[in-house]
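Data file: final.cif. Format and content: mmCIF, C-alpha atoms.
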data_coords
loop_
_atom_site.label_atom_id
_atom_site.label_comp_id
_atom_site.auth_asym_id
_atom_site.auth_seq_id
_atom_site.Cartn_x
_atom_site.Cartn_y
_atom_site.Cartn_z
CA MET A 116 186.66 13.34 19.47
CA TYR A 117 187.58 11.81 16.15
CA LYS A 118 187.43 13.32 12.70
CA ALA A 119 186.63 11.23 9.65
CA VAL A 120 187.72 12.52 6.25
CA ILE A 121 185.70 10.82 3.53
CA THR A 122 185.89 10.93 -0.24
CA VAL A 123 183.00 9.64 -2.31
CA THR A 124 183.84 9.07 -5.98
CA LEU A 125 181.94 7.68 -8.93
CA ARG A 126 183.08 4.19 -9.89
CA PRO A 127 185.50 4.40 -12.84
CA SER A 128 183.02 2.73 -15.20
CA ILE A 129 180.30 5.34 -14.49
CA LEU A 130 180.10 8.41 -16.73
CA ASP A 131 180.62 11.70 -14.88
CA PRO A 132 178.68 14.50 -16.61
CA GLN A 133 179.70 17.07 -13.96
CA GLY A 134 183.37 16.26 -14.49
CA LYS A 135 182.94 16.32 -18.25
CA ALA A 136 181.25 19.73 -18.04
CA ALA A 137 184.07 21.06 -15.86
CA GLN A 138 186.70 19.71 -18.26
CA HIS A 139 184.89 21.28 -21.22
CA ALA A 140 184.53 24.63 -19.45
CA LEU A 141 188.23 24.57 -18.52
CA ALA A 142 189.17 23.85 -22.16
CA THR A 143 187.08 26.88 -23.18
CA LEU A 144 189.00 28.97 -20.64
CA GLY A 145 192.32 27.90 -22.19
CA PHE A 146 193.21 24.92 -19.98
CA GLU A 147 193.74 22.51 -22.88
CA ALA A 148 196.30 20.51 -20.86
CA ILE A 149 193.59 19.34 -18.44
CA ALA A 150 192.58 16.14 -20.20
CA ARG A 151 190.09 14.61 -17.79
CA VAL A 152 188.16 15.71 -14.70
CA ARG A 153 186.17 13.61 -12.24
CA VAL A 154 184.09 15.25 -9.52
CA GLY A 155 183.13 13.61 -6.24
CA LYS A 156 182.17 14.55 -2.70
CA PHE A 157 184.45 15.40 0.19
CA VAL A 158 182.91 14.93 3.63
CA GLU A 159 184.37 15.84 7.02
CA MET A 160 182.68 14.33 10.05
CA TRP A 161 183.34 14.91 13.75
CA ILE A 162 182.44 11.88 15.84
CA ASN A 163 182.07 11.46 19.60
CA GLU A 164 183.32 7.91 20.06
CA GLU A 165 185.63 6.19 22.51
CA SER A 166 188.08 4.83 19.96
CA ALA A 167 189.28 5.27 16.40
CA ASP A 168 187.83 1.85 15.59
CA ALA A 169 184.35 2.86 16.77
CA ALA A 170 184.58 6.16 14.86
CA TYR A 171 185.70 4.32 11.72
CA ILE A 172 182.79 1.90 11.99
CA ALA A 173 180.31 4.79 12.43
CA ALA A 174 181.74 6.73 9.48
CA THR A 175 181.72 3.66 7.22
CA ALA A 176 178.12 2.83 8.16
CA ALA A 177 177.12 6.46 7.50
CA CYS A 178 178.60 6.18 4.00
CA GLU A 179 176.85 2.89 3.33
CA LYS A 180 173.49 4.06 4.61
CA LEU A 181 173.35 7.70 3.52
CA LEU A 182 176.31 9.38 1.89
CA ALA A 183 177.29 7.04 -0.93
CA ASN A 184 175.29 5.14 -3.52
CA PRO A 185 176.94 1.71 -3.48
CA VAL A 186 175.78 0.92 -7.02
CA MET A 187 177.55 3.91 -8.56
CA GLU A 188 180.07 5.19 -6.02
CA ASN A 189 183.10 4.15 -4.05
CA PHE A 190 184.11 5.74 -0.77
CA HIS A 191 187.28 6.02 1.26
CA VAL A 192 187.36 6.77 5.00
CA GLU A 193 190.26 8.04 7.11
CA VAL A 194 189.83 8.61 10.84
CA ALA A 195 192.11 10.71 13.03
CA LYS A 196 191.95 11.73 16.69
CA VAL A 197 191.38 15.49 17.05
CA SER A 198 191.14 17.83 20.00
CA ASP A 199 187.68 19.26 19.23
CA ALA A 200 185.06 19.89 16.53
CA GLY A 201 186.80 23.03 15.23
CA MET B 300 200.85 12.89 -17.20
CA TYR B 301 200.14 14.35 -13.78
CA LYS B 302 197.13 13.90 -11.57
CA ALA B 303 195.85 16.67 -9.33
CA VAL B 304 193.72 15.73 -6.33
CA ILE B 305 191.74 18.76 -5.18
CA THR B 306 189.47 19.34 -2.22
CA VAL B 307 187.17 22.35 -2.19
CA THR B 308 185.69 23.12 1.22
CA LEU B 309 183.48 25.87 2.57
CA ARG B 310 185.39 28.35 4.72
CA PRO B 311 184.87 27.53 8.40
CA SER B 312 182.81 30.69 9.00
CA ILE B 313 180.31 29.81 6.25
CA LEU B 314 177.19 27.86 7.19
CA ASP B 315 176.91 24.49 5.42
CA PRO B 316 173.23 23.55 4.97
CA GLN B 317 174.13 20.37 3.05
CA GLY B 318 176.36 19.20 5.89
CA LYS B 319 173.74 20.16 8.47
CA ALA B 320 171.09 18.19 6.56
CA ALA B 321 173.39 15.14 6.38
CA GLN B 322 174.14 15.36 10.12
CA HIS B 323 170.43 15.63 10.92
CA ALA B 324 169.56 12.68 8.65
CA LEU B 325 172.32 10.60 10.27
CA ALA B 326 171.00 11.44 13.75
CA THR B 327 167.55 10.25 12.62
CA LEU B 328 169.15 7.00 11.44
CA GLY B 329 170.69 6.47 14.90
CA PHE B 330 174.15 7.98 14.39
CA GLU B 331 173.93 10.30 17.40
CA ALA B 332 177.71 10.20 17.86
CA ILE B 333 178.25 12.09 14.60
CA ALA B 334 178.26 15.62 15.97
CA ARG B 335 179.10 17.69 12.91
CA VAL B 336 179.31 17.17 9.15
CA ARG B 337 180.77 19.44 6.47
CA VAL B 338 180.39 18.62 2.78
CA GLY B 339 182.72 19.81 0.06
CA LYS B 340 183.88 18.80 -3.41
CA PHE B 341 186.56 16.30 -4.37
CA VAL B 342 188.02 16.81 -7.83
CA GLU B 343 190.49 14.58 -9.68
CA MET B 344 192.18 16.09 -12.71
CA TRP B 345 194.55 14.51 -15.22
CA ILE B 346 196.92 17.06 -16.74
CA ASN B 347 199.25 16.82 -19.75
CA GLU B 348 202.11 19.01 -18.57
CA GLU B 349 205.89 18.73 -18.65
CA SER B 350 206.45 19.07 -14.93
CA ALA B 351 204.71 18.80 -11.59
CA ASP B 352 205.17 22.56 -11.16
CA ALA B 353 203.33 23.30 -14.43
CA ALA B 354 200.55 20.85 -13.51
CA TYR B 355 200.23 22.42 -10.05
CA ILE B 356 199.97 25.91 -11.59
CA ALA B 357 197.28 24.73 -14.03
CA ALA B 358 195.26 22.99 -11.30
CA THR B 359 195.47 25.99 -8.98
CA ALA B 360 194.40 28.37 -11.75
CA ALA B 361 191.49 26.03 -12.62
CA CYS B 362 190.33 26.21 -8.99
CA GLU B 363 190.64 29.99 -8.88
CA LYS B 364 188.83 30.53 -12.19
CA LEU B 365 186.17 27.82 -12.18
CA LEU B 366 186.01 25.19 -9.45
CA ALA B 367 186.06 27.21 -6.23
CA ASN B 368 184.29 30.35 -5.12
CA PRO B 369 187.09 32.32 -3.42
CA VAL B 370 184.62 34.31 -1.30
CA MET B 371 183.13 31.23 0.35
CA GLU B 372 185.50 28.34 -0.28
CA ASN B 373 189.05 27.18 0.32
CA PHE B 374 190.83 24.67 -1.87
CA HIS B 375 193.80 22.36 -1.49
CA VAL B 376 195.76 20.93 -4.43
CA GLU B 377 198.09 17.92 -4.50
CA VAL B 378 199.86 16.91 -7.71
CA ALA B 379 201.44 13.53 -8.39
CA LYS B 380 203.07 12.01 -11.47
CA VAL B 381 201.00 9.14 -12.87
CA SER B 382 201.45 6.72 -15.73
CA ASP B 383 198.20 7.53 -17.60
CA ALA B 384 194.67 8.91 -17.30
CA GLY B 385 193.23 5.69 -15.86
#
Whole structure given in structure tokens:
Amino acid sequence: MYKAVITVTLRPSILDPQGKAAQHALATLGFEAIARVRVGKFVEMWINEESADAAYIAATAACEKLLANPVMENFHVEVAKVSDAG
Amino acid sequence: MYKAVITVTLRPSILDPQGKAAQHALATLGFEAIARVRVGKFVEMWINEESADAAYIAATAACEKLLANPVMENFHVEVAKVSDAG
């Protein structure tokens, strides 16, 4: 069993209204030092494959086909061997 | 300038319908090896503070007060010194 830890982030050139709203709300709450916020997705995936390479390929294809929008988002995949799907 | 990298994840005991939907959609697309998916938030935050300690305290308080629901979610904060808000 392998576990893929994936972050999906908006490309730097794309405006992030959710992050802007969070930053604005934090400023209202007194967090003036927080100058900029960007919000993305964090995905954990447990994969039944024979090797880390095969798990990495599956996780990357899953991002390309479903989880990320390649026009607007970047993604980063890390795969580690784990004992079970806990 | 410090940058906080934050992950907000559902507590393990909480059902994750978004993750379940992603896992089901991936199975339909042929990714049968992907046994389990959990979806959370990934937040990047640029903070004007004097020290990493102060930035860490601000980021943690921001999670507790706005970004995470402490009943259902866990969060993890990492703070690093960066050159600017790029």
If we count only C-alpha atoms, which residues of chain B reach to within 7 Å of chain A? Please list them as a PDB file with C-alpha atoms, in the coordinates of the input.
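Produced file iface.pdb, reproduced below:
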ATOM      1  CA  THR B 306     189.470  19.340  -2.220  1.00  0.00           C
ATOM      2  CA  LEU B 325     172.320  10.600  10.270  1.00  0.00           C
ATOM      3  CA  ALA B 332     177.710  10.200  17.860  1.00  0.00           C
ATOM      4  CA  ILE B 333     178.250  12.090  14.600  1.00  0.00           C
ATOM      5  CA  ALA B 334     178.260  15.620  15.970  1.00  0.00           C
ATOM      6  CA  ARG B 335     179.100  17.690  12.910  1.00  0.00           C
ATOM      7  CA  VAL B 336     179.310  17.170   9.150  1.00  0.00           C
ATOM      8  CA  ARG B 337     180.770  19.440   6.470  1.00  0.00           C
ATOM      9  CA  VAL B 338     180.390  18.620   2.780  1.00  0.00           C
ATOM     10  CA  GLY B 339     182.720  19.810   0.060  1.00  0.00           C
ATOM     11  CA  LYS B 340     183.880  18.800  -3.410  1.00  0.00           C
ATOM     12  CA  PHE B 341     186.560  16.300  -4.370  1.00  0.00           C
ATOM     13  CA  VAL B 342     188.020  16.810  -7.830  1.00  0.00           C
ATOM     14  CA  GLU B 343     190.490  14.580  -9.680  1.00  0.00           C
ATOM     15  CA  MET B 344     192.180  16.090 -12.710  1.00  0.00           C
ATOM     16  CA  TRP B 345     194.550  14.510 -15.220  1.00  0.00           C
ATOM     17  CA  ILE B 346     196.920  17.060 -16.740  1.00  0.00           C
ATOM     18  CA  ASN B 347     199.250  16.820 -19.750  1.00  0.00           C
ATOM     19  CA  GLU B 348     202.110  19.010 -18.570  1.00  0.00           C
ATOM     20  CA  ALA B 361     191.490  26.030 -12.620  1.00  0.00           C
TER      21      ALA B 361
END
Carefully work through the PyMOL selection byres ((chain A and resi 186-188) around 7) for this structure and note down the residues it includes, as a CSV table (one decimal) with C-alpha atoms, in the frame of the given file.
chain,number,residue,atom,x,y,z
A,123,VAL,CA,183.0,9.6,-2.3
A,124,THR,CA,183.8,9.1,-6.0
A,125,LEU,CA,181.9,7.7,-8.9
A,126,ARG,CA,183.1,4.2,-9.9
A,129,ILE,CA,180.3,5.3,-14.5
A,183,ALA,CA,177.3,7.0,-0.9
A,184,ASN,CA,175.3,5.1,-3.5
A,185,PRO,CA,176.9,1.7,-3.5
A,189,ASN,CA,183.1,4.2,-4.0
A,190,PHE,CA,184.1,5.7,-0.8
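Between atom CA of B:Glu363 and atom CA of A:Glu193 the interatomic distance comes to 27.2 Å.
Between atom CA of A:Leu130 and atom CA of B:Val381 the interatomic distance comes to 21.3 Å.
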inquiry  = Please compute the atom CA of A:Asp131-atom CA of A:Val192 distance, one decimal, in Å.
reply    =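 Computing the Euclidean distance for atom CA of A:Asp131 and atom CA of A:Val192 yields 21.6 Å.
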